Every structure is written in C-alpha cells, then in structure tokens.
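Heads up, the thing below is written out as structure tokens.
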Amino acid sequence: MPELPEVEIVKQSLDKNIKSKIIKKVIVRNRNLRKKIEKNFEIYLKNKKVIKITRYSKYIIIHLTNSLFCIFHLGMSGTIHLVKNQKKKITNLSFYKSLQLPKKHNHIEFRFDNFNIVYNDPRRFGFFELIKSKKDLFKKLNILGPEPFSSTFNFSYLKNFFKKKEKNIKNFLMDQNFVSGIGNIYANEILYFCKINPNKKAKNLKNKDLKKIIYNSKLVLKQAIKLGGSSIRNFQNISGIKGNFQNNFKVYQRENLNCLRKNCHGKIQKINISKRSTFFCNNCQN
DNA sequence: AAGAGGCCCTGATAGC
DNA sequence: TGCTATCAGGGCCTCT
C-alpha cells in the first residue's frame, strides 16, 4: 500500500523532523520483521547524527555519520509516527493521520532529544537494515529498475524491455526490476489514464502505448505526491486522513461504478491478475 | 530466461 | 454470538 508517493511523504516529514538530529537511543521491541533485525542494530545507531534522508523507490535511507546507512521499507502496513517523549503525539509522519500511537505492533523506537520516532507495522512485511558502506548501499539499490521520473525510463528502454515478453503490462508496472516505485494501486490508475487493458501482453503494446505509459506514470505519481499520497482502507482506530489522492482514484476500488471519463459509458470491472485485484473500465480500456 | 505461484503476516469483513 | 474462510499485497523465493 505504501507506494512511491506515500513513501515520499514519509521521507519529507522525516527530513523536516530528524535531519541534523542525534539518535540518543534505539529500542527494538520485535526483531522479527521481514528480515531479522541484526543484533547490534541499537548499538550501531546510538549517538549517530542524521545527515540526511533520501528515498529510492519505496525505500527510505537515513544517512548517518561514518558512512552508516539505515535503510527501511514500510512493506504493506508500516507507518512512522512522531511522538513526544511523554507519549503524547504531536505530529504524524505516516500517511494515515492518527491522533495517538497504535496500541499494538510498535516494533522500533528511535529516541531523540524531545521526541521519539516509532515504527508500527501489524503485518511485519516491512524491514529495517543497516548498511555499512556507500558501496553496499549502491549494490543494494542498483538491482532495482529506474523510477518513473528517471530519464532512463524512456521509449527505447520500454521498447527493448518488452520485446518478446508474454507477460501482461500490469505485472510489469509492478515489477520493481523493470520500474521501481509502482504498486498495485498506481499500476491500476496509470493504465486507466493510458486506456490500456491491464491484461495486454507487453510485446503487443504499440509505440504510442509506450509513450503513454511513460507520460502517465510520471503524471499519476506526481499528482499523488502533490496530494499527500493515498490513505486507504478502514483502520478504525485511526481518525483523520493525511493523504487525499484516494479521492482521485479513477478505477481503484470502484468496482461496478461508472467510468469517470467524459462520454465513456463503461463500467469499472474488477478481476484478479496474479492474485492482485485489478480494476479497469470495460469500455475505454478495451 | 521468463513467468507462475507460494509464502510471510495480522486485521477487517463476509458468511454460516 | 462465535466460529471459519477470505481478502488485502510488496518482495522474495522456488519450481517449471
């Protein structure tokens, strides 16, 4: 659920709040995230200064002194919260805006002078990892495909990549080795704007389709970032919504509703592609 | 090599 | 009311 735009929002908030600050202490309450948190995680981070925060794809990288990097991924259900030391919430860094810290699944706590950063993740698909050199960081991120915003994500790249590929275009948009940062929600939305059927084989896409994919990937993600990402699903203990892009969904979770395109009389259909729910207009996305 | 499918995990919800 | 089944899905793994 957190895709590139949501992760970008978290990154921006972190940048605002913890840049140039010193991590006083780290507490790990549950080491069993998607990857086991290494034994010396807390020791490595103690008293380190945060130089800057960057993001690549759906990963956030906290740059610390002495070429130490803390890289993390929110997985499916990970959220970051900024709380005062007295456990009173002052700001929210997650893309769900909550009034207080969730009761369960607060796995990691980073203590700064006047506030704590808490990582909450019910499903534990996210992870935190230490990377101890620039070289290793590069190695880790280099296996990912370009972001949609990259100049590498261009016509000839797509043209070459899709040659003889039998797989459908929707799965490619979600394939992080092809293009990184797009997940299920935005893959659906992007294909709607392109008027391309999600089941269409990549090799059968026309040149003009490739151009549309490049254009609309940038467009949809940029718009989502501008609106603060998407806040979806009914997390009932959480009130208020930070992101607003969910109000702009054209197809996602709009099963059986009318297509929003002018003069299109189609209905939004829901199907499964590789066990992921897929939404598209049965008329304009032929 | 490419692609399909399974698995990790918890919580919300549907159905009986 | 209380049980079970199903769905949600990002990334990594195995198998064909």
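Chain lettering (A, B, ...) mirrors the order of the structure tokens, residue numbering begins at 1 for each chain separately, and ligand numbering begins at 1 in order of display.
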Spatial neighbours of DC12 in chain C, 12 Å, only C-alpha atoms (C1' of nucleotides), chain gap at least 2 places, as a PyMOL selection string = (chain A and resi 34-35+125+176) or (chain B and resi 6-8) or (chain C and resi 10+14)
message = Please identify the strand (DSSP E) residues within range 17-111 of chain A (assignment by DSSP from backbone atoms) and present them as a PyMOL selection string.
response = chain A and resi 25-28+50-56+59-64+68-73+79-84+89-92+106-111
Just to be explicit: take each residue in the selection above, keep C-alpha atoms, and write the result as a PDB file, in the first residue's frame.
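Below is the file result_3.pdb, written as the result:
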```pdb
ATOM      1  CA  LYS A  25      18.832   5.634  21.825  1.00  0.00           C
ATOM      2  CA  VAL A  26      17.139   2.892  19.820  1.00  0.00           C
ATOM      3  CA  ILE A  27      14.764   0.339  21.257  1.00  0.00           C
ATOM      4  CA  VAL A  28      13.746  -2.715  19.269  1.00  0.00           C
ATOM      5  CA  VAL A  50      21.358  12.081  10.950  1.00  0.00           C
ATOM      6  CA  ILE A  51      22.960  13.771   7.972  1.00  0.00           C
ATOM      7  CA  LYS A  52      20.114  13.496   5.526  1.00  0.00           C
ATOM      8  CA  ILE A  53      17.169  11.376   4.441  1.00  0.00           C
ATOM      9  CA  THR A  54      16.764  10.158   0.899  1.00  0.00           C
ATOM     10  CA  ARG A  55      14.329   7.894  -0.861  1.00  0.00           C
ATOM     11  CA  TYR A  56      14.758   5.496  -3.728  1.00  0.00           C
ATOM     12  CA  TYR A  59      12.929   2.562   0.298  1.00  0.00           C
ATOM     13  CA  ILE A  60      13.921   5.313   2.708  1.00  0.00           C
ATOM     14  CA  ILE A  61      17.575   5.761   3.548  1.00  0.00           C
ATOM     15  CA  ILE A  62      18.720   7.538   6.685  1.00  0.00           C
ATOM     16  CA  HIS A  63      22.272   8.761   6.111  1.00  0.00           C
ATOM     17  CA  LEU A  64      24.340   8.784   9.281  1.00  0.00           C
ATOM     18  CA  LEU A  68      26.443   4.258   8.011  1.00  0.00           C
ATOM     19  CA  PHE A  69      23.045   3.965   6.379  1.00  0.00           C
ATOM     20  CA  CYS A  70      19.785   2.803   7.877  1.00  0.00           C
ATOM     21  CA  ILE A  71      17.523   1.667   5.071  1.00  0.00           C
ATOM     22  CA  PHE A  72      13.910   0.748   5.627  1.00  0.00           C
ATOM     23  CA  HIS A  73      10.806  -0.339   3.771  1.00  0.00           C
ATOM     24  CA  THR A  79       3.744   3.519   9.461  1.00  0.00           C
ATOM     25  CA  ILE A  80       6.085   6.004  11.090  1.00  0.00           C
ATOM     26  CA  HIS A  81       4.957   8.151  13.993  1.00  0.00           C
ATOM     27  CA  LEU A  82       6.498  11.108  15.692  1.00  0.00           C
ATOM     28  CA  VAL A  83       5.617  11.277  19.362  1.00  0.00           C
ATOM     29  CA  LYS A  84       6.729  13.474  22.205  1.00  0.00           C
ATOM     30  CA  LYS A  89       1.556  12.696  19.840  1.00  0.00           C
ATOM     31  CA  ILE A  90       2.494  15.961  18.197  1.00  0.00           C
ATOM     32  CA  THR A  91       2.824  15.188  14.516  1.00  0.00           C
ATOM     33  CA  ASN A  92       2.251  12.277  12.272  1.00  0.00           C
ATOM     34  CA  ASN A 106       5.141  -0.634  17.753  1.00  0.00           C
ATOM     35  CA  HIS A 107       8.299  -2.533  16.887  1.00  0.00           C
ATOM     36  CA  ILE A 108      11.060   0.054  16.851  1.00  0.00           C
ATOM     37  CA  GLU A 109      11.591   3.310  18.678  1.00  0.00           C
ATOM     38  CA  PHE A 110      14.239   5.921  17.839  1.00  0.00           C
ATOM     39  CA  ARG A 111      14.730   8.352  20.702  1.00  0.00           C
TER      40      ARG A 111
END
```
task = Would you give me, as a PyMOL selection string, the residues of chain B that come within 10 Å of chain A, using only C-alpha atoms (C1' of nucleotides)?
result = chain B and resi 2-5+8-12
inquiry  = Using Å and a single decimal, report how far CA of Phe178 in chain A sits from CA of Pro146 in chain A.
reply    = 7.2 Å
task = Fewer than 5 positions away in the same chain doesn't count, so skip those; otherwise give me all residues within 12 Å of DC16 in chain B, counting only C-alpha atoms (C1' of nucleotides), as a list in words.
result = DG2, DC3, DT4 and DA5 of chain C
Residue subset to file, keeping N, CA and C atoms (P, O5', C5', C4', C3', O3' and C1' of nucleotides), as a CSV table (one decimal), in the first residue's frame:
```csv
chain,number,residue,atom,x,y,z
C,2,DG,P,-19.4,-15.0,22.4
C,2,DG,O5',-18.9,-16.0,21.2
C,2,DG,C5',-19.5,-17.3,21.1
C,2,DG,C4',-19.0,-17.9,19.9
C,2,DG,C3',-17.5,-17.6,19.6
C,2,DG,O3',-16.9,-18.8,19.2
C,2,DG,C1',-18.8,-17.1,17.7
C,3,DC,P,-15.4,-19.1,19.5
C,3,DC,O5',-14.9,-19.8,18.1
C,3,DC,C5',-15.6,-21.0,17.7
C,3,DC,C4',-15.9,-21.0,16.2
C,3,DC,C3',-14.7,-20.8,15.3
C,3,DC,O3',-14.1,-22.1,15.1
C,3,DC,C1',-16.6,-19.6,14.5
C,4,DT,P,-12.7,-22.2,14.4
C,4,DT,O5',-13.0,-22.0,12.9
C,4,DT,C5',-14.0,-22.8,12.2
C,4,DT,C4',-14.2,-22.3,10.8
C,4,DT,C3',-12.9,-22.2,10.0
C,4,DT,O3',-13.1,-22.8,8.7
C,4,DT,C1',-14.1,-20.1,9.9
C,5,DA,P,-11.9,-22.9,7.7
C,5,DA,O5',-12.2,-21.8,6.7
C,5,DA,C5',-13.5,-21.9,6.0
C,5,DA,C4',-13.6,-20.7,5.0
C,5,DA,C3',-12.4,-20.5,4.1
C,5,DA,O3',-12.9,-20.3,2.8
C,5,DA,C1',-12.8,-18.5,5.3
```
task = Write out as a PyMOL selection string the residues lying within 12 Å of DT6 in chain C, counting only C-alpha atoms (C1' of nucleotides) and excluding same-chain residues fewer than 5 positions away.
result = chain B and resi 12-15
remark   = Correct to one decimal, the distance CA of Phe127 in chain A-CA of Arg276 in chain A is 22.2 Å
